[in-house]
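Peer 1: Quick one: the structure is below, and I'll ask about it shortly.
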Amino acid sequence: MARDTLLHIADAISHNAGRRPAHPALIERDGNIVTYVAFDALMRQIANHLMAQGIKAGDIVGLSMPDTATHLGLMFGLFRMGAVLLPMDVRWTPEEKSRIASFFGATAVIAESPVEGVRTMCIDGAWHDAVAGQGTDGDFPNNIDDPLWLSLSSGTTGIPKGPLVTHRQMVLRFLSQAVDLGFNEHDRNILATPLYFGGGRGFTICNLYFGGTVVMHPPPYKAEELAETVNTMGVTTLFLVPTLFRRMLAIADGKSLLFPNLRMLISSGSILHGDEREAIKRELCPYFINLFSSTEGGGVALLAPNDPQEKAASVGRAAYRNEFQVVDENDQPLAADTVGRIRQRAPWLPDGFYNNDEETKKSFRDGWYYTGDLGKVDDEGYLYVVGRVKDMIIRGGINIYPAEIEDLLCKHETVHDAAVVAWPSPELGEEVAAFVVAEGAADADTLIAYCRSGLAPYKVPKAIFFIDDLPKSAQGKVLKTDLVERLPAQT
């Protein structure tokens, strides 16, 4: 039987340990270096200890830990012995953890404290001692088509959604990132976002798969602290969400690049406004990529450093080995510059959501994944995201896309940030409401007049509400449902 040309993710660590044993796999915040040979040994010892505790290949195991080298060791230990990782945000409440574990049928949860209703393997001194007493040999599974993890979306309310992704599907995503982002064994990638989220976890494992080094610098941190670590530790690649980019721009002095030695600066997670791209390239790093992707479906499109400024409002063209379309309600491709639903097709797509046939039917059809975003494509193949399907405002039967209004508001000198939501209206069904974080002496009448100068009348917000800060998830996405709850009733 022919040997598969793609490496199982745990086998890649062992391969790197064999060819580059002393090369740093991880550099912790206290300066401790974990070499590949040491990380490989830890991965194997954890795998053996898990099996000794009765965990079997194919079991779903929740992992709720702080973002440390221990977290990564546990993650790869699960990969090595063939368990399926169920990522669980350490910041979730005990009730959230219990509910998610129950829904996905977790055999156990690995955490620092017990989770009600499911077997919990607590990480304490006794655990570490037991792991240290294990050997490194074992008859470990390495079928690249085995399940790897449940790729959960960021929310925990309502019905949980997460496709079961295989090792092969993730490795194919890694290869696409190698082409598009240039990840390689010489990189030093810094972990500056939580491991629970798709970007932090995916980019970290991708770099370890290729034999690079991961510098551990997870939140919380001050912007100045992250910048210092990037510049003193020889970091070559950095991924941040737009919220963090805005914090970095706030500390840039305008005289020199904040990250002069980065090979690549990457944004993903939510919409980045067009003028912010130029500010990032000018103030932070000229080698800047805006990546449009999802935890469930991987990379869709990217806007590269050399793409022209007139395309700055787009998310770029299709990622390597991916294709996308904008389609109507009947799944028919739309003409250029026509807004519709975005769908993607790529060799790394899963078949659907685990244990959720209803949501699978909505999002996975005929080999396509429907991202839940609305967009349009220009005649040169650049994709523009105009908002989420669920966030679209329908005012008197007319579709309104919040991103267009938000982008205009953010260009005003008195506006730091803005979010536009649907405001239930007894007359028109929905009206446009804007929440604004002011940067200067802003007032509602001035901003509404400004919107009238740049928007069709039906798109102009009926009211503007000032707010100290927009509610956001740890991934940097604006929680628009929270904003809608703050709206007064219209009569």
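The way I read the labels, and the way they are meant: chains A, B, ... in the order of the structure tokens, residue 1 as the first residue of every chain, and ligand 1 as the first ligand shown, with later ones counted on from there.
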Would you mind writing down, as a count of residues only, each residue of region 304-375 of chain A that DSSP on the backbone assigns to strand (DSSP E or B)?

Peer 2: 25

Peer 1: Mind checking DSSP for region 107-221 of chain A and telling me the helix (DSSP H, G or I) residues as a compact mmCIF listing (two decimals) with C-alpha atoms, in the first residue's frame?

Peer 2:
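Once written, result_10.txt looks like this:
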# COMPACT_ATOMS: atom_id res chain seq x y z
CA GLY A 125 0.91 18.65 40.47
CA ALA A 126 -0.15 15.01 40.64
CA TRP A 127 -1.06 15.09 36.94
CA HIS A 128 2.33 16.47 35.94
CA ASP A 129 4.12 13.89 38.12
CA ALA A 130 2.15 11.06 36.53
CA VAL A 131 2.93 12.33 33.02
CA ALA A 132 6.64 12.59 33.86
CA HIS A 167 -6.07 15.71 10.14
CA ARG A 168 -6.02 15.71 6.34
CA GLN A 169 -8.41 18.63 6.06
CA MET A 170 -6.34 20.75 8.44
CA VAL A 171 -3.05 19.82 6.75
CA LEU A 172 -4.53 20.92 3.40
CA ARG A 173 -5.39 24.27 5.03
CA PHE A 174 -1.79 24.49 6.28
CA LEU A 175 -0.48 23.94 2.75
CA SER A 176 -2.74 26.71 1.46
CA GLN A 177 -1.33 28.99 4.18
CA ALA A 178 2.20 28.05 3.16
CA VAL A 179 1.44 29.31 -0.35
CA ASP A 180 -0.58 32.40 0.61
CA LEU A 181 1.20 33.45 3.82
CA GLY A 198 -9.59 29.30 15.13
CA GLY A 199 -6.88 31.80 14.16
CA GLY A 200 -4.78 31.45 17.30
CA ARG A 201 -5.04 27.66 17.33
CA GLY A 202 -4.75 27.14 13.57
CA PHE A 203 -1.75 29.39 12.93
CA THR A 204 0.07 27.99 15.98
CA ILE A 205 -0.35 24.38 14.93
CA CYS A 206 0.46 25.24 11.33
CA ASN A 207 3.81 26.73 12.37
CA LEU A 208 4.63 23.71 14.54
CA TYR A 209 3.62 21.39 11.70
CA PHE A 210 6.20 23.02 9.43

Peer 1: For CA of Leu349 (chain A) and CA of Tyr320 (chain A), quote the distance in Å rounded to one decimal.

Peer 2: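 That distance, rounded to one decimal, is 13.6 Å.
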
Peer 1: Each residue of region 65-89 of chain A with at least one atom at most 9 Å from region 100-118 of chain A should appear once, together with its nearest atom pair and the corresponding distance in Å (one decimal); atoms considered: only C-alpha atoms; ordering: chain, then increasing residue number; output as a tab-separated table.

Peer 2:
residue	atom	partner	partner_atom	distance
A:Met65	CA	A:Ala111	CA	5.6
A:Pro66	CA	A:Glu112	CA	8.9
A:Leu74	CA	A:Ile110	CA	8.5
A:Leu86	CA	A:Ala106	CA	7.7
A:Met88	CA	A:Ile100	CA	8.1

Peer 1: Could you save those same residues with C-alpha atoms as a tab-separated table (two decimals), in the first residue's frame?

Peer 2:
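Resulting contents of selection_34.tsv:
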chain	number	residue	atom	x	y	z
A	65	MET	CA	-6.96	25.52	29.87
A	66	PRO	CA	-5.08	28.84	29.93
A	74	LEU	CA	-2.22	18.50	26.12
A	86	LEU	CA	-13.26	19.70	21.78
A	88	MET	CA	-13.50	24.99	25.31

Peer 1: If you count only C-alpha atoms, which residues fall within 12 Å of Leu244 (chain A), apart from same-chain ones fewer than 5 positions away, as a list of chain:residue names?

Peer 2: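 Within the cut-off, the hits are A:Ala192, A:Thr193, A:Pro219, A:Pro220, A:Tyr221, A:Lys222, A:Ala223, A:Glu224, A:Leu226, A:Ala227, A:Leu238, A:Phe239, A:Leu249, A:Ala250, A:Ile251, A:Ile266, A:Ser267, A:Ser268, A:Gly269, A:Ser270, A:Leu272, A:Ile280, A:Lys472, A:Ala474, A:Gln475, A:Gly476, A:Lys477.
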